[in-house]
$ cat entry-v3.txt   # compact mmCIF, C-alpha atoms and all ligand atoms
# COMPACT_ATOMS: atom_id res chain seq x y z
CA MET A 1 96.47 82.21 75.95
CA SER A 2 98.93 81.79 78.80
CA ARG A 3 98.04 82.92 82.30
CA SER A 4 99.18 86.25 83.65
CA LYS A 5 102.03 86.27 86.17
CA ILE A 6 101.50 88.25 89.35
CA ALA A 7 104.41 88.89 91.73
CA LEU A 8 103.55 89.71 95.34
CA ILE A 9 106.51 91.30 97.07
CA GLY A 10 105.82 90.90 100.76
CA ALA A 11 103.95 87.80 101.86
CA GLY A 12 102.67 89.05 105.20
CA GLN A 13 99.06 89.75 106.15
CA ILE A 14 98.17 91.65 102.97
CA GLY A 15 100.42 89.57 100.70
CA GLY A 16 98.83 86.28 101.79
CA THR A 17 95.32 87.68 101.41
CA LEU A 18 96.22 89.01 97.95
CA ALA A 19 97.42 85.58 96.88
CA HIS A 20 94.20 83.95 98.06
CA LEU A 21 91.95 86.50 96.32
CA ILE A 22 93.97 86.30 93.09
CA GLY A 23 93.56 82.51 93.16
CA LEU A 24 89.81 82.67 93.84
CA LYS A 25 89.39 85.11 90.94
CA GLU A 26 91.75 83.14 88.67
CA LEU A 27 93.61 86.32 87.73
CA GLY A 28 96.88 84.50 87.11
CA ASP A 29 99.77 82.52 88.56
CA VAL A 30 101.29 83.96 91.71
CA VAL A 31 104.90 84.35 92.86
CA LEU A 32 105.02 85.21 96.56
CA CYS A 33 108.28 86.82 97.73
CA ASP A 34 109.44 87.67 101.24
CA ILE A 35 112.65 87.98 103.24
CA ALA A 36 111.13 85.75 105.92
CA ASP A 37 112.21 82.36 104.56
CA GLY A 38 109.41 79.78 104.64
CA ILE A 39 106.52 82.25 104.87
CA PRO A 40 105.97 82.72 101.11
CA GLN A 41 106.54 79.01 100.49
CA GLY A 42 104.15 77.98 103.30
CA LYS A 43 101.40 80.43 102.35
CA GLY A 44 101.72 79.54 98.67
CA LEU A 45 101.39 75.82 99.37
CA ASP A 46 98.51 76.32 101.80
CA ILE A 47 96.54 78.37 99.24
CA ALA A 48 97.36 75.89 96.45
CA GLU A 49 95.94 73.13 98.66
CA SER A 50 92.67 75.07 98.93
CA SER A 51 92.33 75.23 95.12
CA PRO A 52 90.74 71.78 94.67
CA VAL A 53 88.10 72.71 97.28
CA ASP A 54 87.27 76.08 95.73
CA GLY A 55 87.89 74.87 92.19
CA PHE A 56 90.41 77.37 90.86
CA ASP A 57 93.45 76.82 88.67
CA ALA A 58 96.49 78.90 89.53
CA ALA A 59 100.11 78.14 90.45
CA PHE A 60 101.65 79.50 93.65
CA ALA A 61 105.42 79.73 94.01
CA GLY A 62 107.10 80.91 97.21
CA VAL A 63 110.45 82.68 96.97
CA SER A 64 112.88 83.92 99.64
CA THR A 65 114.42 87.24 98.68
CA GLU A 66 117.34 89.02 100.35
CA LYS A 67 117.02 92.69 101.22
CA ASP A 68 119.73 94.20 99.03
CA ASN A 69 120.33 91.26 96.70
CA VAL A 70 118.74 92.25 93.39
CA ALA A 71 119.49 88.83 91.87
CA SER A 72 117.20 87.22 94.47
CA TYR A 73 114.28 88.79 92.56
CA ALA A 74 114.99 86.71 89.42
CA PRO A 75 111.86 84.54 89.97
CA ILE A 76 109.62 87.58 89.28
CA GLN A 77 111.06 87.72 85.73
CA GLY A 78 108.45 88.87 83.23
CA ALA A 79 105.69 89.53 85.79
CA ASP A 80 102.64 91.33 84.38
CA VAL A 81 101.71 92.84 87.74
CA CYS A 82 103.77 93.39 90.91
CA ILE A 83 102.03 94.27 94.17
CA VAL A 84 104.36 95.55 96.87
CA THR A 85 103.59 95.19 100.57
CA ALA A 86 107.14 94.56 101.77
CA GLY A 87 108.09 96.52 104.86
CA VAL A 88 106.59 97.01 108.28
CA PRO A 89 103.03 97.97 109.27
CA ARG A 90 101.87 100.29 112.07
CA LYS A 91 101.42 99.35 115.70
CA PRO A 92 99.04 101.25 118.02
CA GLY A 93 100.24 104.82 118.64
CA MET A 94 102.27 104.96 115.43
CA SER A 95 101.43 107.15 112.46
CA ARG A 96 102.03 105.95 108.90
CA ASP A 97 104.81 108.53 108.67
CA ASP A 98 106.73 106.82 111.50
CA LEU A 99 107.41 103.98 109.03
CA LEU A 100 109.19 106.20 106.51
CA GLY A 101 112.88 105.46 107.19
CA ILE A 102 112.63 101.68 107.46
CA ASN A 103 110.24 101.22 104.56
CA LEU A 104 112.24 103.56 102.30
CA SER A 105 115.24 101.24 102.62
CA VAL A 106 112.97 98.30 101.71
CA MET A 107 111.68 100.12 98.60
CA LYS A 108 115.24 100.49 97.29
CA GLY A 109 115.95 96.75 96.96
CA VAL A 110 112.39 95.97 95.84
CA GLY A 111 112.40 98.76 93.23
CA GLU A 112 115.75 97.66 91.82
CA GLY A 113 114.52 94.06 91.63
CA ILE A 114 111.38 95.09 89.75
CA GLY A 115 113.36 97.40 87.44
CA LYS A 116 115.68 94.54 86.49
CA TYR A 117 113.28 91.62 86.20
CA ALA A 118 109.79 93.04 85.58
CA PRO A 119 110.27 96.30 83.67
CA ASP A 120 106.96 95.89 81.78
CA ALA A 121 104.83 95.24 84.87
CA PHE A 122 102.01 97.32 86.29
CA VAL A 123 103.25 98.01 89.82
CA ILE A 124 100.89 98.64 92.72
CA CYS A 125 102.50 99.88 95.94
CA ILE A 126 100.69 99.39 99.26
CA THR A 127 103.59 99.95 101.68
CA ASN A 128 103.18 103.02 103.92
CA PRO A 129 103.57 105.96 104.08
CA LEU A 130 101.89 105.32 100.77
CA ASP A 131 102.30 108.46 98.68
CA ALA A 132 106.01 108.78 99.49
CA MET A 133 106.73 105.06 99.09
CA VAL A 134 105.10 104.85 95.64
CA TRP A 135 107.20 107.83 94.58
CA ALA A 136 110.37 106.15 95.88
CA LEU A 137 109.43 102.85 94.23
CA GLN A 138 109.04 104.58 90.86
CA GLN A 139 112.41 106.29 91.32
CA PHE A 140 114.24 103.10 92.34
CA SER A 141 112.61 100.92 89.67
CA GLY A 142 112.83 103.44 86.83
CA LEU A 143 109.53 102.17 85.40
CA PRO A 144 107.29 104.63 83.50
CA LYS A 145 105.17 106.71 85.88
CA PRO A 146 101.78 105.56 84.47
CA LYS A 147 102.82 101.98 85.30
CA VAL A 148 103.62 102.65 88.99
CA VAL A 149 100.69 103.50 91.28
CA GLY A 150 99.73 103.41 94.91
CA MET A 151 96.68 101.75 96.40
CA ALA A 152 94.86 103.94 98.93
CA GLY A 153 91.88 105.68 97.34
CA VAL A 154 89.96 102.49 96.61
CA LEU A 155 90.36 101.48 100.26
CA ASP A 156 89.60 104.91 101.72
CA SER A 157 86.49 105.27 99.57
CA ALA A 158 85.43 101.70 100.36
CA ARG A 159 85.55 102.60 104.06
CA PHE A 160 83.56 105.77 103.38
CA ARG A 161 81.02 103.78 101.31
CA TYR A 162 80.65 101.14 104.01
CA PHE A 163 80.02 103.71 106.76
CA LEU A 164 77.51 105.53 104.55
CA ALA A 165 75.66 102.31 103.66
CA GLU A 166 75.44 101.52 107.37
CA GLU A 167 74.09 104.99 108.18
CA PHE A 168 71.49 104.94 105.39
CA LYS A 169 70.67 101.23 105.76
CA VAL A 170 71.11 100.63 102.04
CA SER A 171 73.23 98.25 99.98
CA VAL A 172 76.91 99.10 99.69
CA LYS A 173 76.43 98.53 95.96
CA ASP A 174 74.34 101.70 95.68
CA VAL A 175 76.82 103.95 97.46
CA SER A 176 79.66 105.56 95.56
CA ALA A 177 82.19 107.82 97.24
CA PHE A 178 85.24 109.87 96.43
CA VAL A 179 88.30 110.35 98.59
CA LEU A 180 91.17 112.47 97.27
CA GLY A 181 94.58 113.54 98.51
CA GLY A 182 97.32 111.74 100.39
CA HIS A 183 96.67 108.55 102.34
CA GLY A 184 96.98 110.05 105.78
CA ASP A 185 95.21 112.18 108.33
CA THR A 186 94.80 114.92 105.71
CA MET A 187 92.92 112.78 103.14
CA VAL A 188 89.95 114.54 101.54
CA PRO A 189 86.61 112.66 101.55
CA LEU A 190 84.44 114.60 99.08
CA THR A 191 80.80 114.63 100.12
CA ARG A 192 79.64 116.59 97.05
CA TYR A 193 80.86 113.85 94.73
CA SER A 194 79.62 110.97 96.88
CA THR A 195 76.18 109.58 96.20
CA VAL A 196 73.54 107.09 97.23
CA GLY A 197 71.65 105.82 94.19
CA GLY A 198 72.96 108.88 92.32
CA ILE A 199 71.78 111.39 94.98
CA PRO A 200 74.67 113.53 96.30
CA LEU A 201 75.20 113.47 100.09
CA PRO A 202 74.39 117.19 100.63
CA ASP A 203 70.97 116.54 99.05
CA LEU A 204 70.41 113.58 101.36
CA VAL A 205 71.03 115.90 104.32
CA LYS A 206 68.40 118.30 102.91
CA MET A 207 66.03 115.36 102.43
CA GLY A 208 66.41 114.49 106.12
CA TRP A 209 68.10 111.10 105.58
CA THR A 210 70.90 112.17 107.91
CA THR A 211 72.24 115.28 109.63
CA GLN A 212 75.31 117.34 108.74
CA GLU A 213 76.70 116.44 112.15
CA LYS A 214 76.42 112.70 111.48
CA LEU A 215 77.93 113.13 108.03
CA ASP A 216 80.87 115.05 109.51
CA GLY A 217 81.34 112.17 111.96
CA ILE A 218 81.45 109.65 109.09
CA VAL A 219 84.00 111.78 107.22
CA GLN A 220 86.19 111.83 110.33
CA ARG A 221 85.75 108.06 110.88
CA THR A 222 86.88 107.54 107.26
CA ARG A 223 90.02 109.62 107.88
CA ASP A 224 90.71 107.56 111.01
CA GLY A 225 89.69 104.26 109.37
CA GLY A 226 93.18 102.76 109.37
CA ALA A 227 93.86 103.74 113.00
CA GLU A 228 90.51 102.25 114.10
CA ILE A 229 91.60 98.82 112.80
CA VAL A 230 95.13 99.18 114.21
CA GLY A 231 93.60 99.99 117.60
CA LEU A 232 91.44 96.86 117.48
CA LEU A 233 94.04 94.42 116.12
CA LYS A 234 96.92 95.80 118.25
CA THR A 235 99.47 93.65 116.35
CA GLY A 236 99.33 95.19 112.88
CA SER A 237 97.09 97.02 110.44
CA ALA A 238 94.15 96.25 108.16
CA PHE A 239 94.65 93.60 105.49
CA TYR A 240 91.40 92.20 104.07
CA ALA A 241 90.07 95.48 102.64
CA PRO A 242 93.51 96.69 101.47
CA ALA A 243 94.06 93.41 99.61
CA ALA A 244 90.60 93.49 98.00
CA SER A 245 91.25 97.07 96.87
CA ALA A 246 94.59 96.28 95.23
CA VAL A 247 93.11 93.23 93.49
CA GLN A 248 90.42 95.46 91.97
CA MET A 249 93.16 97.69 90.53
CA ALA A 250 95.16 94.70 89.23
CA GLU A 251 92.06 93.24 87.59
CA ALA A 252 91.26 96.59 85.91
CA TYR A 253 94.75 96.53 84.36
CA LEU A 254 94.85 92.86 83.37
CA LYS A 255 91.38 92.94 81.79
CA ASP A 256 91.72 96.45 80.32
CA GLN A 257 88.51 97.40 82.11
CA LYS A 258 89.03 101.19 82.01
CA ARG A 259 87.74 101.37 85.59
CA VAL A 260 87.47 104.80 87.18
CA LEU A 261 89.30 104.27 90.46
CA PRO A 262 90.96 106.67 92.88
CA CYS A 263 94.61 105.88 93.45
CA ALA A 264 97.95 107.52 94.18
CA ALA A 265 99.01 108.45 90.66
CA TRP A 266 101.62 110.76 89.17
CA VAL A 267 99.87 114.10 88.67
CA GLU A 268 101.23 116.73 86.32
CA ASP A 269 99.29 119.69 84.94
CA ALA A 270 96.19 118.96 87.02
CA TYR A 271 94.95 120.08 90.44
CA GLY A 272 97.53 122.88 90.24
CA LEU A 273 100.35 120.32 90.64
CA ASP A 274 103.52 120.12 88.56
CA GLY A 275 104.53 116.52 89.21
CA MET A 276 103.93 114.47 92.33
CA TYR A 277 102.22 111.27 93.48
CA VAL A 278 98.93 111.88 95.25
CA GLY A 279 95.44 110.39 95.42
CA VAL A 280 93.23 111.37 92.47
CA PRO A 281 90.54 109.70 90.36
CA THR A 282 92.08 107.80 87.46
CA VAL A 283 91.16 105.50 84.61
CA ILE A 284 92.97 102.14 84.84
CA GLY A 285 93.28 99.99 81.72
CA ALA A 286 95.90 98.06 79.78
CA GLY A 287 98.11 101.18 79.64
CA GLY A 288 98.21 101.42 83.43
CA ILE A 289 97.03 104.86 84.52
CA GLU A 290 95.48 105.95 81.24
CA LYS A 291 94.01 109.18 82.55
CA VAL A 292 94.00 111.40 85.63
CA VAL A 293 90.49 112.76 86.05
CA GLU A 294 90.45 116.38 87.19
CA ILE A 295 87.24 117.33 88.96
CA SER A 296 86.47 120.89 89.93
CA LEU A 297 86.95 121.66 93.61
CA ASN A 298 85.31 124.48 95.56
CA LYS A 299 87.39 126.74 97.80
CA ASP A 300 87.12 124.56 100.91
CA GLU A 301 87.86 121.35 99.01
CA GLN A 302 90.86 122.94 97.28
CA ALA A 303 92.17 124.13 100.65
CA MET A 304 91.90 120.57 102.03
CA MET A 305 93.63 119.18 98.91
CA ASP A 306 96.43 121.76 99.25
CA LYS A 307 96.97 120.80 102.89
CA SER A 308 97.10 117.15 101.92
CA THR A 309 99.55 117.65 99.04
CA GLU A 310 101.78 119.76 101.32
CA ALA A 311 101.89 116.85 103.78
CA VAL A 312 102.92 114.47 100.97
CA LYS A 313 105.59 116.90 99.74
CA GLY A 314 107.02 116.95 103.28
CA LEU A 315 107.33 113.15 103.24
CA VAL A 316 109.02 113.14 99.84
CA ALA A 317 111.49 115.77 101.10
CA ALA A 318 112.19 113.54 104.11
CA CYS A 319 112.92 110.61 101.75
CA LYS A 320 115.38 112.76 99.79
CA ALA A 321 117.10 113.80 103.02
CA ILE A 322 117.54 110.13 104.01
CA ASP A 323 118.67 108.79 100.63
CA GLY A 324 120.84 111.18 98.61
CA SER A 325 120.46 109.04 95.45
CA LEU A 326 116.82 110.17 95.16
CA ALA A 327 116.52 113.21 92.90
P1 LIG B 1 103.13 92.43 107.38
O1 LIG B 1 102.14 91.37 107.68
O2 LIG B 1 104.16 92.76 108.41
O3 LIG B 1 103.88 92.00 106.01
C1 LIG B 1 104.98 92.67 105.52
C2 LIG B 1 105.94 91.63 105.00
O4 LIG B 1 107.03 92.29 104.37
C3 LIG B 1 106.51 90.72 106.10
O5 LIG B 1 106.21 89.37 105.82
C4 LIG B 1 108.02 91.00 106.02
O6 LIG B 1 108.82 89.83 106.27
C5 LIG B 1 108.15 91.47 104.58
N1 LIG B 1 109.36 92.25 104.32
C6 LIG B 1 109.98 93.15 105.11
N2 LIG B 1 111.07 93.64 104.49
C7 LIG B 1 111.14 93.03 103.29
C8 LIG B 1 112.03 93.10 102.19
N3 LIG B 1 113.12 93.90 102.22
N4 LIG B 1 111.81 92.33 101.11
C9 LIG B 1 110.74 91.50 101.05
N5 LIG B 1 109.85 91.38 102.07
C10 LIG B 1 110.06 92.13 103.16
O7 LIG B 1 102.42 93.79 106.98
P2 LIG B 1 101.04 93.98 106.17
O8 LIG B 1 100.99 93.00 105.07
O9 LIG B 1 99.92 94.05 107.15
O10 LIG B 1 101.26 95.47 105.62
C11 LIG B 1 102.23 95.72 104.64
C12 LIG B 1 102.39 97.21 104.39
O11 LIG B 1 101.16 97.74 103.88
C13 LIG B 1 102.73 98.05 105.64
O12 LIG B 1 103.69 99.04 105.31
C14 LIG B 1 101.39 98.72 105.96
O13 LIG B 1 101.56 99.94 106.65
C15 LIG B 1 100.84 98.93 104.59
N6 LIG B 1 99.40 99.16 104.52
C16 LIG B 1 98.96 100.11 103.63
C17 LIG B 1 97.62 100.35 103.50
C18 LIG B 1 97.16 101.39 102.53
O14 LIG B 1 95.99 101.63 102.41
C19 LIG B 1 98.12 102.11 101.71
C20 LIG B 1 96.69 99.65 104.28
C21 LIG B 1 97.15 98.70 105.17
C22 LIG B 1 98.52 98.45 105.28

$ encode --input "entry-v3.txt" --output "structure tokens" --more "lines below"
Ligand code: A3D
Amino acid sequence: MSRSKIALIGAGQIGGTLAHLIGLKELGDVVLCDIADGIPQGKGLDIAESSPVDGFDAAFAGVSTEKDNVASYAPIQGADVCIVTAGVPRKPGMSRDDLLGINLSVMKGVGEGIGKYAPDAFVICITNPLDAMVWALQQFSGLPKPKVVGMAGVLDSARFRYFLAEEFKVSVKDVSAFVLGGHGDTMVPLTRYSTVGGIPLPDLVKMGWTTQEKLDGIVQRTRDGGAEIVGLLKTGSAFYAPAASAVQMAEAYLKDQKRVLPCAAWVEDAYGLDGMYVGVPTVIGAGGIEKVVEISLNKDEQAMMDKSTEAVKGLVAACKAIDGSLA
């Protein structure tokens, strides 16, 4: 059986970390692409030189692409998975939405390149503002909607899980958490569906493990999780946890694991939506997004979800206003 081919479009902080993790897990051969000539080649070679030490077999090719030159994407031909981080990250004081105009223009060239050379790939978008960029990437690439997804929910729930494990002084492995909605200030961490060893968080409050006030603080810290890292790093945004999260999604696809993972998926006929990308629980297997899982929301949760989807719709409308070719 030949190895899978994984194209990483954007070889910056997340792209380089993705390449390293994919090598360590032997998920496939990697093609790193970036407009910054030398960066994908240098990172690819550096990681390849670590392979004898860590004992993994994978090839790493570095490719320089040009922004609006579709032919420069030829080396991704036949990729099984494409993970897109091309664009710019946040700096302190910026919101994800401030990146919209510049990253939308990046998605155009990247989407056309994927559409031409990797039409059968499972495509994971990480570029922000996430829910709007994954929508634009699907439009520009023309790939089927179940094969184009955004990574955000795995990361947002990982942050929530980590903060909860810290609060309860238990293993992160025993904490599961749900975060729905858009990847922004309006994201919806769901305490009712989040558990420690199977016990829902509201029950843990009743059992005296924590207080409602502390739980509310953790929910808010989860919402602000990206900004907390941006504030500390000052030069860019988080990259280790985002890369680990996208690799989990890629692995679920490549190994047909049928993992239940939250991600920005195309939602139609669920959650009262009639077709948009937003964060929901999904099943990821060899078909890409094989199922959108609709959980029942109470009034407050539905109101938070509605607010979040409205925010995403606003971003999509802004994309359409910038680029008239987007329907
Ligand atoms: P960074 O280290 O700047 O890497 C981005 C790379 O994209 C750079 O190497 C650029 O040279 C390259 N690039 C720019 N334009 C193009 C183009 N047209 N074609 C090919 N490559 C190009 O950023 P990063 O890796 O830290 O972050 C990448 C993106 O992920 C940003 O938009 C972040 O905001 C976003 N991000 C999303 C999450 C989510 O949870 C969704 C988390 C963290 C970061």

$ residues_around --input "entry-v3.txt" --residues "Ala118 (chain A)" --least-positions-apart "5" --cutoff "6 Å" --atoms "only C-alpha atoms" --output "JSON, numbers by chain"
{"A": [77, 78, 79]}

$ residues_near_point --input "entry-v3.txt" --point "(108.8, 100.9, 103.8)" --cutoff "9 Å" --atoms "all atoms listed in the file" --output "short mmCIF file (atom, residue, chain, number, x, y, z; two decimals) with C-alpha atoms, in the frame of the given file"
data_model
loop_
_atom_site.label_atom_id
_atom_site.label_comp_id
_atom_site.auth_asym_id
_atom_site.auth_seq_id
_atom_site.Cartn_x
_atom_site.Cartn_y
_atom_site.Cartn_z
CA THR A 85 103.59 95.19 100.57
CA ALA A 86 107.14 94.56 101.77
CA GLY A 87 108.09 96.52 104.86
CA VAL A 88 106.59 97.01 108.28
CA PRO A 89 103.03 97.97 109.27
CA LEU A 99 107.41 103.98 109.03
CA LEU A 100 109.19 106.20 106.51
CA GLY A 101 112.88 105.46 107.19
CA ILE A 102 112.63 101.68 107.46
CA ASN A 103 110.24 101.22 104.56
CA LEU A 104 112.24 103.56 102.30
CA SER A 105 115.24 101.24 102.62
CA VAL A 106 112.97 98.30 101.71
CA MET A 107 111.68 100.12 98.60
CA THR A 127 103.59 99.95 101.68
CA ASN A 128 103.18 103.02 103.92
CA PRO A 129 103.57 105.96 104.08
CA LEU A 130 101.89 105.32 100.77
CA MET A 133 106.73 105.06 99.09
#

$ closest_residue --input "entry-v3.txt" --among "A:Leu24, A:Ala238, A:Ala58, A:Ala132" --to "ligand LIG 1 (chain B)" --atoms "all atoms listed in the file"
A:Ala238

$ residues_near_ligand --input "entry-v3.txt" --ligand "ligand LIG 1 (chain B)" --cutoff "7 Å" --atoms "all atoms listed in the file" --output "number ranges by chain"
A: 9-15, 33-36, 65-67, 85-90, 96, 103, 106, 109-110, 126-130, 151-152, 155, 183, 226, 236-239, 242

$ closest_residue --input "entry-v3.txt" --among "A:Gly38, A:Pro146, A:Gly181, A:Gly285" --to "Asp131 (chain A)" --atoms "all atoms listed in the file"
A:Gly181

$ residues_near_point --input "entry-v3.txt" --point "(115.6, 105.7, 93.1)" --cutoff "8 Å" --atoms "all atoms listed in the file" --output "list in words"
Lys108, Gly111, Ala136, Leu137, Gln138, Gln139, Phe140, Ser141, Gly142, Ser325, Leu326 and Ala327 of chain A

$ axis_aligned_box --input "entry-v3.txt" --around "region 133-147 of chain A" --padding-each-side "5 Å" --output "AutoDock Vina command-line options"
--center_x 108.0 --center_y 104.4 --center_z 91.3 --size_x 22.5 --size_y 16.9 --size_z 25.6

$ closest_residue --input "entry-v3.txt" --among "A:Ile83, A:Ile47, A:Leu190, A:Ile229" --to "Leu297 (chain A)" --atoms "only C-alpha atoms"
A:Leu190

$ atom_distance --input "entry-v3.txt" --atom1 "CA of Leu143 (chain A)" --atom2 "CA of Ala265 (chain A)"
13.3 Å

$ atom_distance --input "entry-v3.txt" --atom1 "CA of His20 (chain A)" --atom2 "CA of Lys173 (chain A)"
23.1 Å

$ closest_residue --input "entry-v3.txt" --among "A:Thr195, A:Thr210, A:Thr222, A:Ser296" --to "Ser157 (chain A)" --atoms "all atoms listed in the file"
A:Thr222

$ closest_residue --input "entry-v3.txt" --among "A:Leu180, A:Ala61, A:Ile114, A:Ala71" --to "Met304 (chain A)" --atoms "all atoms listed in the file"
A:Leu180

$ closest_atom_pairs --input "entry-v3.txt" --of "region 73-168 of chain A" --to "region 199-208 of chain A" --cutoff "12 Å" --atoms "all atoms listed in the file" --output "tab-separated table"
residue	atom	partner	partner_atom	distance
A:Phe160	CA	A:Leu201	CA	11.8
A:Arg161	CA	A:Leu201	CA	11.4
A:Leu164	CA	A:Leu201	CA	9.4
A:Ala165	CA	A:Leu201	CA	11.7
A:Glu167	CA	A:Leu204	CA	11.6
A:Phe168	CA	A:Leu204	CA	9.6

$ closest_residue --input "entry-v3.txt" --among "A:Val278, A:Leu273, A:Ala317, A:Ile289" --to "Phe122 (chain A)" --atoms "all atoms listed in the file"
A:Ile289

$ residues_around --input "entry-v3.txt" --residues "Gly197 (chain A)" --least-positions-apart "4" --cutoff "9 Å" --atoms "all atoms listed in the file" --output "MDAnalysis selection string"
chainID A and resid 173:176

$ atom_distance --input "entry-v3.txt" --atom1 "CA of Ile284 (chain A)" --atom2 "CA of Met187 (chain A)"
21.2 Å

$ residues_around --input "entry-v3.txt" --residues "Leu27 (chain A)" --least-positions-apart "5" --cutoff "8 Å" --atoms "all atoms listed in the file" --output "NGL selection string"
:A and (3-4 or 22 or 251 or 254)

$ decode --input "entry-v3.txt" --residues "region 267-273 of chain A" --atoms "all heavy atoms" --output "PDB file, in the first residue's frame"
ATOM      1  N   VAL A 267     -23.816  22.821   7.329  1.00  0.00           N
ATOM      2  CA  VAL A 267     -25.010  22.368   8.048  1.00  0.00           C
ATOM      3  C   VAL A 267     -26.266  22.777   7.281  1.00  0.00           C
ATOM      4  O   VAL A 267     -26.472  23.955   6.983  1.00  0.00           O
ATOM      5  CB  VAL A 267     -25.072  22.976   9.476  1.00  0.00           C
ATOM      6  CG1 VAL A 267     -26.255  22.384  10.246  1.00  0.00           C
ATOM      7  CG2 VAL A 267     -23.776  22.724  10.232  1.00  0.00           C
ATOM      8  N   GLU A 268     -27.050  21.761   6.970  1.00  0.00           N
ATOM      9  CA  GLU A 268     -28.303  21.961   6.240  1.00  0.00           C
ATOM     10  C   GLU A 268     -29.354  21.141   6.956  1.00  0.00           C
ATOM     11  O   GLU A 268     -29.080  19.993   7.318  1.00  0.00           O
ATOM     12  CB  GLU A 268     -28.116  21.377   4.831  1.00  0.00           C
ATOM     13  CG  GLU A 268     -28.431  22.331   3.710  1.00  0.00           C
ATOM     14  CD  GLU A 268     -28.066  21.686   2.375  1.00  0.00           C
ATOM     15  OE1 GLU A 268     -28.555  20.584   2.097  1.00  0.00           O
ATOM     16  OE2 GLU A 268     -27.287  22.292   1.652  1.00  0.00           O
ATOM     17  N   ASP A 269     -30.508  21.643   7.155  1.00  0.00           N
ATOM     18  CA  ASP A 269     -31.583  20.866   7.810  1.00  0.00           C
ATOM     19  C   ASP A 269     -31.222  20.408   9.212  1.00  0.00           C
ATOM     20  O   ASP A 269     -31.614  19.312   9.625  1.00  0.00           O
ATOM     21  CB  ASP A 269     -31.958  19.624   6.971  1.00  0.00           C
ATOM     22  CG  ASP A 269     -32.402  20.022   5.573  1.00  0.00           C
ATOM     23  OD1 ASP A 269     -32.991  21.106   5.437  1.00  0.00           O
ATOM     24  OD2 ASP A 269     -32.137  19.250   4.639  1.00  0.00           O
ATOM     25  N   ALA A 270     -30.457  21.146   9.941  1.00  0.00           N
ATOM     26  CA  ALA A 270     -30.176  20.831  11.347  1.00  0.00           C
ATOM     27  C   ALA A 270     -29.934  22.151  12.060  1.00  0.00           C
ATOM     28  O   ALA A 270     -29.540  23.143  11.432  1.00  0.00           O
ATOM     29  CB  ALA A 270     -28.944  19.928  11.474  1.00  0.00           C
ATOM     30  N   TYR A 271     -30.167  22.174  13.349  1.00  0.00           N
ATOM     31  CA  TYR A 271     -29.985  23.387  14.161  1.00  0.00           C
ATOM     32  C   TYR A 271     -30.763  24.581  13.585  1.00  0.00           C
ATOM     33  O   TYR A 271     -30.353  25.735  13.740  1.00  0.00           O
ATOM     34  CB  TYR A 271     -28.494  23.733  14.309  1.00  0.00           C
ATOM     35  CG  TYR A 271     -27.728  22.686  15.081  1.00  0.00           C
ATOM     36  CD1 TYR A 271     -26.987  21.709  14.427  1.00  0.00           C
ATOM     37  CD2 TYR A 271     -27.757  22.651  16.474  1.00  0.00           C
ATOM     38  CE1 TYR A 271     -26.304  20.728  15.135  1.00  0.00           C
ATOM     39  CE2 TYR A 271     -27.072  21.677  17.191  1.00  0.00           C
ATOM     40  CZ  TYR A 271     -26.346  20.722  16.517  1.00  0.00           C
ATOM     41  OH  TYR A 271     -25.674  19.759  17.228  1.00  0.00           O
ATOM     42  N   GLY A 272     -31.827  24.296  12.835  1.00  0.00           N
ATOM     43  CA  GLY A 272     -32.631  25.375  12.267  1.00  0.00           C
ATOM     44  C   GLY A 272     -31.915  26.116  11.144  1.00  0.00           C
ATOM     45  O   GLY A 272     -32.321  27.218  10.769  1.00  0.00           O
ATOM     46  N   LEU A 273     -30.855  25.529  10.579  1.00  0.00           N
ATOM     47  CA  LEU A 273     -30.074  26.220   9.546  1.00  0.00           C
ATOM     48  C   LEU A 273     -30.390  25.637   8.173  1.00  0.00           C
ATOM     49  O   LEU A 273     -30.675  24.446   8.040  1.00  0.00           O
ATOM     50  CB  LEU A 273     -28.571  26.085   9.836  1.00  0.00           C
ATOM     51  CG  LEU A 273     -28.135  26.654  11.187  1.00  0.00           C
ATOM     52  CD1 LEU A 273     -26.672  26.325  11.459  1.00  0.00           C
ATOM     53  CD2 LEU A 273     -28.339  28.171  11.201  1.00  0.00           C
TER      54      LEU A 273
END
